[in-house]
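Peer 1: Just one file: my_file_24.txt, with compact mmCIF, C-alpha atoms and all ligand atoms.
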```txt
# COMPACT_ATOMS: atom_id res chain seq x y z
CA MET A 1496 199.81 28.21 -3.60
CA THR A 1497 198.61 28.70 -0.04
CA ARG A 1498 201.09 28.94 2.81
CA ARG A 1499 199.94 25.58 4.02
CA GLY A 1500 200.39 24.13 0.54
CA ALA A 1501 203.87 25.52 0.25
CA PHE A 1502 204.80 24.11 3.63
CA THR A 1503 203.53 20.65 2.67
CA ALA A 1504 205.44 20.80 -0.61
CA ALA A 1505 208.63 21.75 1.19
CA LEU A 1506 208.23 18.84 3.60
CA LEU A 1507 207.71 16.50 0.70
CA VAL A 1508 210.87 17.64 -1.04
CA LEU A 1509 212.82 17.24 2.19
CA ALA A 1510 211.46 13.73 2.69
CA ILE A 1511 212.46 12.75 -0.84
CA LEU A 1512 215.96 14.13 -0.38
CA VAL A 1513 216.51 12.35 2.93
CA GLY A 1514 215.07 9.06 1.65
CA GLY A 1515 217.21 9.21 -1.46
CA ARG A 1516 220.38 9.74 0.50
CA TRP A 1517 219.71 6.77 2.72
CA ALA A 1518 219.07 4.46 -0.21
CA MET A 1519 222.18 5.65 -2.06
CA GLY A 1520 224.32 5.13 0.99
CA ARG A 1521 223.75 1.41 1.15
CA GLN A 1522 223.58 0.47 -2.46
CA PRO A 1523 227.08 0.45 -3.96
CA ALA A 1524 228.60 -2.11 -1.61
CA GLU A 1525 226.59 -5.01 -2.78
CA THR A 1526 226.50 -3.85 -6.37
CA VAL A 1527 230.17 -4.58 -6.73
CA ALA A 1528 230.10 -7.72 -4.66
CA HIS A 1529 227.24 -9.03 -6.73
CA GLN A 1530 228.88 -8.35 -10.06
CA ALA A 1531 231.73 -10.56 -9.04
CA LEU A 1532 229.44 -13.44 -8.26
CA GLY A 1533 228.98 -14.17 -11.94
CA ASN A 1534 225.86 -15.23 -13.71
CA GLN A 1535 224.92 -18.65 -12.59
CA ALA A 1536 221.42 -19.93 -13.08
CA ALA A 1537 219.06 -19.19 -10.25
CA PRO A 1538 216.36 -21.82 -10.39
CA ALA A 1539 214.57 -20.64 -7.28
CA SER A 1540 214.19 -17.09 -8.44
CA PRO A 1541 213.75 -16.69 -12.15
CA SER A 1542 213.60 -12.92 -12.01
CA PRO A 1543 216.52 -11.13 -13.61
CA THR A 1544 218.88 -9.43 -11.22
CA PRO A 1545 218.77 -5.65 -11.50
CA THR A 1546 221.33 -3.99 -13.69
CA PRO A 1547 223.78 -2.19 -11.45
CA ALA A 1548 223.38 1.53 -11.84
CA THR A 1549 227.07 2.16 -11.44
CA THR A 1550 230.33 0.49 -12.26
CA PRO A 1551 232.96 0.10 -9.56
CA SER A 1552 235.46 2.37 -11.25
CA ALA A 1553 233.08 5.12 -12.30
CA ALA A 1554 231.23 5.66 -9.06
CA PRO A 1555 232.92 6.11 -5.73
CA PRO A 1556 230.86 4.74 -2.88
CA LYS A 1557 228.56 7.12 -1.06
CA THR A 1558 229.46 5.47 2.22
CA PRO A 1559 232.10 7.40 4.21
CA ALA A 1560 235.64 6.95 2.98
CA PRO A 1561 237.13 4.12 5.03
CA LYS A 1562 240.09 6.18 6.13
CA LYS A 1563 240.79 9.20 8.28
CA THR A 1564 237.83 8.44 10.50
CA THR A 1565 240.01 9.37 13.49
CA THR A 1566 238.11 9.34 16.76
CA THR A 1567 234.75 10.77 15.77
CA LYS A 1568 232.22 9.12 18.07
CA PRO A 1569 228.84 8.81 16.43
CA ALA A 1570 226.66 9.46 19.43
CA THR A 1571 223.31 8.51 18.00
CA ARG A 1572 223.80 5.36 15.97
CA SER A 1573 220.70 3.22 16.10
CA LYS A 1574 220.89 -0.10 17.89
CA ILE A 1575 218.12 -1.54 15.75
CA GLY A 1576 218.22 -1.79 11.96
CA PRO A 1577 215.44 -1.19 9.42
CA PHE A 1578 212.18 -3.07 10.13
CA GLY A 1579 213.47 -4.25 13.45
CA THR A 1580 216.49 -6.08 12.07
CA ARG A 1581 219.30 -6.93 14.44
CA ARG A 1582 222.21 -4.50 14.33
CA MET A 1583 224.03 -5.17 17.61
CA THR A 1584 225.09 -8.34 19.41
CA GLY A 1585 223.29 -7.50 22.62
CA SER A 1586 226.44 -8.15 24.61
CA ARG A 1587 229.77 -6.44 25.13
CA GLY A 1588 231.47 -8.55 22.49
CA VAL A 1589 231.47 -7.69 18.79
CA ALA A 1590 230.45 -10.05 16.00
CA LEU A 1591 232.29 -10.70 12.76
CA THR A 1592 230.14 -11.47 9.72
CA PHE A 1593 231.44 -12.56 6.33
CA ASP A 1594 229.17 -12.21 3.28
CA ASP A 1595 228.90 -13.53 -0.28
CA GLY A 1596 230.77 -16.81 0.14
CA PRO A 1597 231.62 -19.51 0.45
CA ASN A 1598 234.58 -19.02 -1.85
CA PRO A 1599 237.44 -21.48 -2.33
CA ALA A 1600 240.07 -18.72 -2.49
CA TRP A 1601 239.08 -16.70 0.57
CA THR A 1602 236.82 -18.63 2.91
CA PRO A 1603 239.53 -21.14 3.95
CA GLN A 1604 241.91 -18.29 4.77
CA VAL A 1605 239.28 -16.57 6.90
CA LEU A 1606 238.50 -19.88 8.64
CA ASP A 1607 242.22 -20.43 9.32
CA LEU A 1608 242.50 -16.98 10.92
CA LEU A 1609 239.39 -17.51 13.05
CA ARG A 1610 240.72 -20.87 14.21
CA ALA A 1611 244.17 -19.48 14.99
CA ASN A 1612 242.56 -16.80 17.15
CA ARG A 1613 240.04 -19.23 18.67
CA VAL A 1614 237.03 -17.10 17.77
CA LYS A 1615 233.79 -17.74 15.89
CA ALA A 1616 232.04 -15.75 13.19
CA THR A 1617 228.86 -15.74 11.12
CA PHE A 1618 228.93 -16.59 7.42
CA CYS A 1619 226.17 -15.11 5.25
CA VAL A 1620 226.19 -17.55 2.36
CA VAL A 1621 224.73 -17.28 -1.13
CA GLY A 1622 222.78 -20.32 -2.34
CA THR A 1623 224.53 -20.69 -5.69
CA GLU A 1624 227.93 -20.61 -3.95
CA VAL A 1625 226.79 -23.17 -1.39
CA ARG A 1626 225.79 -25.44 -4.24
CA GLN A 1627 229.23 -25.09 -5.80
CA TYR A 1628 231.28 -25.41 -2.62
CA PRO A 1629 229.40 -27.59 -0.13
CA ALA A 1630 232.65 -28.77 1.50
CA LEU A 1631 233.35 -25.21 2.63
CA VAL A 1632 229.94 -25.01 4.30
CA LYS A 1633 230.71 -28.30 6.02
CA ARG A 1634 233.90 -26.82 7.38
CA ILE A 1635 232.17 -23.61 8.52
CA VAL A 1636 229.69 -25.66 10.55
CA ARG A 1637 232.26 -28.20 11.78
CA GLU A 1638 234.37 -25.39 13.20
CA GLY A 1639 231.48 -23.98 15.19
CA HIS A 1640 230.54 -20.89 13.17
CA THR A 1641 227.03 -19.61 12.55
CA LEU A 1642 225.25 -19.68 9.19
CA CYS A 1643 223.19 -16.89 7.71
CA ASN A 1644 221.09 -17.06 4.52
CA HIS A 1645 222.14 -14.35 2.05
CA SER A 1646 219.57 -15.20 -0.67
CA TRP A 1647 219.84 -17.65 -3.55
CA HIS A 1648 221.85 -15.54 -5.97
CA HIS A 1649 222.23 -12.19 -4.27
CA GLU A 1650 219.01 -10.69 -5.64
CA PHE A 1651 218.96 -7.05 -4.59
CA ASP A 1652 215.23 -6.80 -5.23
CA LEU A 1653 214.24 -9.93 -3.37
CA GLY A 1654 212.33 -8.02 -0.72
CA THR A 1655 210.10 -6.40 -3.33
CA LYS A 1656 208.86 -9.75 -4.67
CA PRO A 1657 205.64 -11.50 -3.70
CA GLU A 1658 205.80 -13.38 -0.42
CA HIS A 1659 205.86 -16.83 -2.02
CA GLU A 1660 208.82 -15.86 -4.18
CA ILE A 1661 210.77 -14.45 -1.26
CA LYS A 1662 210.20 -17.62 0.71
CA ALA A 1663 211.04 -19.90 -2.22
CA ASN A 1664 214.32 -18.05 -2.66
CA MET A 1665 215.21 -18.34 1.02
CA LEU A 1666 214.19 -21.98 1.15
CA ALA A 1667 216.30 -22.81 -1.92
CA THR A 1668 219.41 -21.58 -0.13
CA ASN A 1669 218.54 -23.37 3.11
CA ARG A 1670 217.87 -26.56 1.17
CA GLU A 1671 221.33 -26.32 -0.40
CA VAL A 1672 222.86 -25.79 3.05
CA HIS A 1673 221.04 -28.85 4.36
CA ARG A 1674 222.26 -30.87 1.43
CA ALA A 1675 225.81 -29.93 2.45
CA VAL A 1676 225.26 -30.32 6.18
CA PRO A 1677 222.12 -32.29 7.02
CA GLY A 1678 220.30 -31.11 10.10
CA THR A 1679 222.19 -27.84 10.57
CA ARG A 1680 220.22 -24.70 11.38
CA VAL A 1681 220.29 -21.49 9.41
CA LYS A 1682 219.43 -19.00 12.10
CA TYR A 1683 219.86 -15.72 10.29
CA PHE A 1684 218.95 -13.98 7.08
CA ARG A 1685 220.71 -10.95 5.62
CA HIS A 1686 219.18 -9.18 2.64
CA PRO A 1687 221.53 -8.50 -0.31
CA GLY A 1688 222.72 -4.92 -0.19
CA GLY A 1689 220.95 -4.38 3.11
CA LYS A 1690 217.92 -3.46 1.02
CA TRP A 1691 215.54 -4.58 3.72
CA THR A 1692 211.80 -4.60 3.26
CA ALA A 1693 209.09 -5.44 5.78
CA ALA A 1694 208.09 -8.38 3.58
CA ALA A 1695 211.60 -9.86 3.57
CA VAL A 1696 211.97 -9.53 7.33
CA GLN A 1697 208.54 -11.09 7.81
CA ALA A 1698 209.26 -13.99 5.44
CA ALA A 1699 212.57 -14.70 7.17
CA ARG A 1700 210.83 -14.66 10.55
CA GLU A 1701 208.19 -17.10 9.35
CA LEU A 1702 210.97 -19.43 8.21
CA GLY A 1703 212.58 -19.20 11.63
CA MET A 1704 215.35 -16.78 10.72
CA THR A 1705 216.32 -13.55 12.45
CA SER A 1706 217.15 -10.69 10.08
CA LEU A 1707 220.73 -9.62 10.61
CA ASP A 1708 221.78 -6.07 9.81
CA TRP A 1709 225.17 -4.59 10.71
CA ASP A 1710 226.65 -1.68 12.60
CA VAL A 1711 230.09 -1.29 11.04
CA ASP A 1712 230.79 -1.40 7.29
CA PRO A 1713 234.36 -0.74 6.13
CA ALA A 1714 233.29 -1.22 2.48
CA ASP A 1715 235.91 -3.92 2.03
CA TRP A 1716 234.18 -4.94 -1.22
CA ALA A 1717 235.67 -1.78 -2.80
CA LYS A 1718 239.19 -3.00 -2.04
CA PRO A 1719 240.37 0.09 -0.17
CA GLY A 1720 243.36 -1.89 1.09
CA ALA A 1721 243.99 -3.77 4.31
CA GLU A 1722 245.13 -0.71 6.23
CA ALA A 1723 242.00 1.31 5.39
CA ILE A 1724 239.72 -1.61 6.27
CA LYS A 1725 241.50 -2.06 9.57
CA GLN A 1726 241.42 1.62 10.46
CA HIS A 1727 237.75 2.00 9.61
CA VAL A 1728 236.72 -1.00 11.66
CA MET A 1729 238.80 0.00 14.69
CA ALA A 1730 237.51 3.59 14.53
CA LYS A 1731 233.83 2.75 14.12
CA THR A 1732 233.45 -0.35 16.25
CA ARG A 1733 231.91 -0.01 19.68
CA SER A 1734 230.86 -2.54 22.23
CA GLY A 1735 228.26 -4.83 20.68
CA SER A 1736 228.96 -3.90 17.05
CA ILE A 1737 228.17 -6.31 14.24
CA ILE A 1738 230.91 -5.90 11.63
CA LEU A 1739 230.29 -6.50 7.93
CA LEU A 1740 233.11 -8.06 5.90
CA HIS A 1741 233.22 -10.23 2.77
CA ASP A 1742 234.79 -13.63 2.08
CA GLY A 1743 233.37 -13.82 -1.44
CA GLY A 1744 232.20 -11.74 -4.38
CA GLY A 1745 235.64 -10.63 -5.58
CA ASP A 1746 239.29 -10.38 -4.61
CA ARG A 1747 239.26 -10.38 -0.82
CA ALA A 1748 243.03 -10.27 -0.24
CA GLY A 1749 242.68 -6.90 1.51
CA THR A 1750 240.00 -8.26 3.84
CA VAL A 1751 242.06 -11.32 4.72
CA ASP A 1752 245.13 -9.16 5.36
CA ALA A 1753 243.14 -6.75 7.50
CA CYS A 1754 241.70 -9.64 9.50
CA LYS A 1755 245.18 -10.80 10.49
CA ALA A 1756 245.46 -7.72 12.70
CA LEU A 1757 241.78 -6.98 13.25
CA ILE A 1758 240.71 -10.25 14.78
CA PRO A 1759 243.24 -10.25 17.64
CA ALA A 1760 242.78 -6.51 18.20
CA LEU A 1761 238.97 -6.77 18.42
CA LYS A 1762 239.24 -9.85 20.59
CA ARG A 1763 241.52 -8.03 23.01
CA LYS A 1764 239.47 -4.83 23.13
CA TYR A 1765 235.86 -6.11 23.16
CA GLY A 1766 235.82 -9.87 22.96
CA ILE A 1767 234.31 -11.67 19.98
CA ALA A 1768 230.68 -12.66 20.42
CA LEU A 1769 229.18 -15.56 18.53
CA LEU A 1770 225.70 -14.89 17.23
CA ARG A 1771 223.52 -17.80 18.24
ZN ZN A 1801 226.22 -9.51 -0.15
```
Now, as a test, write the supplied structure out as structure tokens.

Peer 2:
Amino acid sequence: MTRRGAFTAALLVLAILVGGRWAMGRQPAETVAHQALGNQAAPASPSPTPTPATTPSAAPPKTPAPKKTTTTKPATRSKIGPFGTRRMTGSRGVALTFDDGPNPAWTPQVLDLLRANRVKATFCVVGTEVRQYPALVKRIVREGHTLCNHSWHHEFDLGTKPEHEIKANMLATNREVHRAVPGTRVKYFRHPGGKWTAAAVQAARELGMTSLDWDVDPADWAKPGAEAIKQHVMAKTRSGSIILLHDGGGDRAGTVDACKALIPALKRKYGIALLR
């Protein structure tokens, strides 16, 4: 092999390694959350959901452990997510986002906490859950929160599908939202697992939705406990952060408990911004 050839090969290997790490880092969160969603029919997207590569107990998440983050200040965190997705609020305040609901066990508790603290949040809802619990979507909207489309049935591979399938999936969820709350707007889209593709972002844009990434992920889906969730969020949040939490997809007692302290603390320190 020539020197030039060897150099190119080395670059290629490096690129594969770096790319692989990035993909691994974001995958496990939604794998677990999705498993808990069950196996309801997904009329808008007949494709089978991908088999999770790992089980929650066998594979620890590749994301940083949500404890002992101390005061490390990540100096170079990007303000823009993959494919131009939105990762920061654009103001001093931080935004709370709750994914995978609505859920009758957890969403009302989260809504109660938000109301008690007089703050608003964004709910990234899954179409099949909206269909099951339309009254919860009504309450989310009535109480002034923002809605975000989180796919029809949490399809991790949605963004790899043909454009018409991606749009049909998104529209199915929005249709279900409109059935629950006629005339309401779904302003945002968040891809399951954060597995963004250019096609998904483009489809969302063409349907009038901004793609919403996040800046802080305490991996609450893995049930690290309220204290760990709280510590991670407080350590990693900065002005303008968008914080990822879950009000569905499994037992969210730890998230709810963490929120009891987190919401007032974040409100005091940064202010809570409503994504509009
Ligand atoms: Zn999700």

Peer 1: Nearest to ligand ZN 1801 (chain A) among A:Gly1735, A:Gly1743, A:Gly1766, A:Gly1749, with distances taken over only C-alpha atoms and all ligand atoms: which residue is it?

Peer 2: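 Smallest separation from ligand ZN 1801 (chain A) among the options: A:Gly1743.
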
Peer 1: Just the number, please: distance in Å from CA of Met1704 (chain A) to CA of Asn1664 (chain A), one decimal.

Peer 2: 13.5 Å

Peer 1: May I ask for the distance between CA of Ala1721 (chain A) and CA of Ala1768 (chain A), given in Å to one decimal place?

Peer 2: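 One can read the CA of Ala1721 (chain A) to CA of Ala1768 (chain A) distance as 22.7 Å.
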
Peer 1: Can you pull out every residue with an atom within 6 Å of ligand ZN 1801 (chain A)? Use all atoms listed in the file and format it as a list in words.

Peer 2: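 Taking all atoms listed in the file into account, the residues around ligand ZN 1801 (chain A) at most 6 Å away are Glu1525, Asp1594, Asp1595, Pro1687 and Gly1688 of chain A.
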
Peer 1: For CA of Val1625 (chain A) and CA of Pro1719 (chain A), quote the distance in Å rounded to one decimal.

Peer 2: 27.0 Å

Peer 1: Taking into account only C-alpha atoms, which residue in the set A:Val1589, A:Thr1692, A:His1649, A:Ser1573 is nearest to Lys1764 (chain A)?

Peer 2: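 Selected residue with least distance to Lys1764 (chain A): A:Val1589.
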
Peer 1: Give the answer as one residue: which of A:Glu1722, A:Asp1715, A:Glu1658, A:Asp1708 has the shortest atom-to-atom distance to Gly1744 (chain A), using all atoms listed in the file?

Peer 2: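 Residue with the minimum atom-to-atom distance to Gly1744 (chain A): A:Asp1715.
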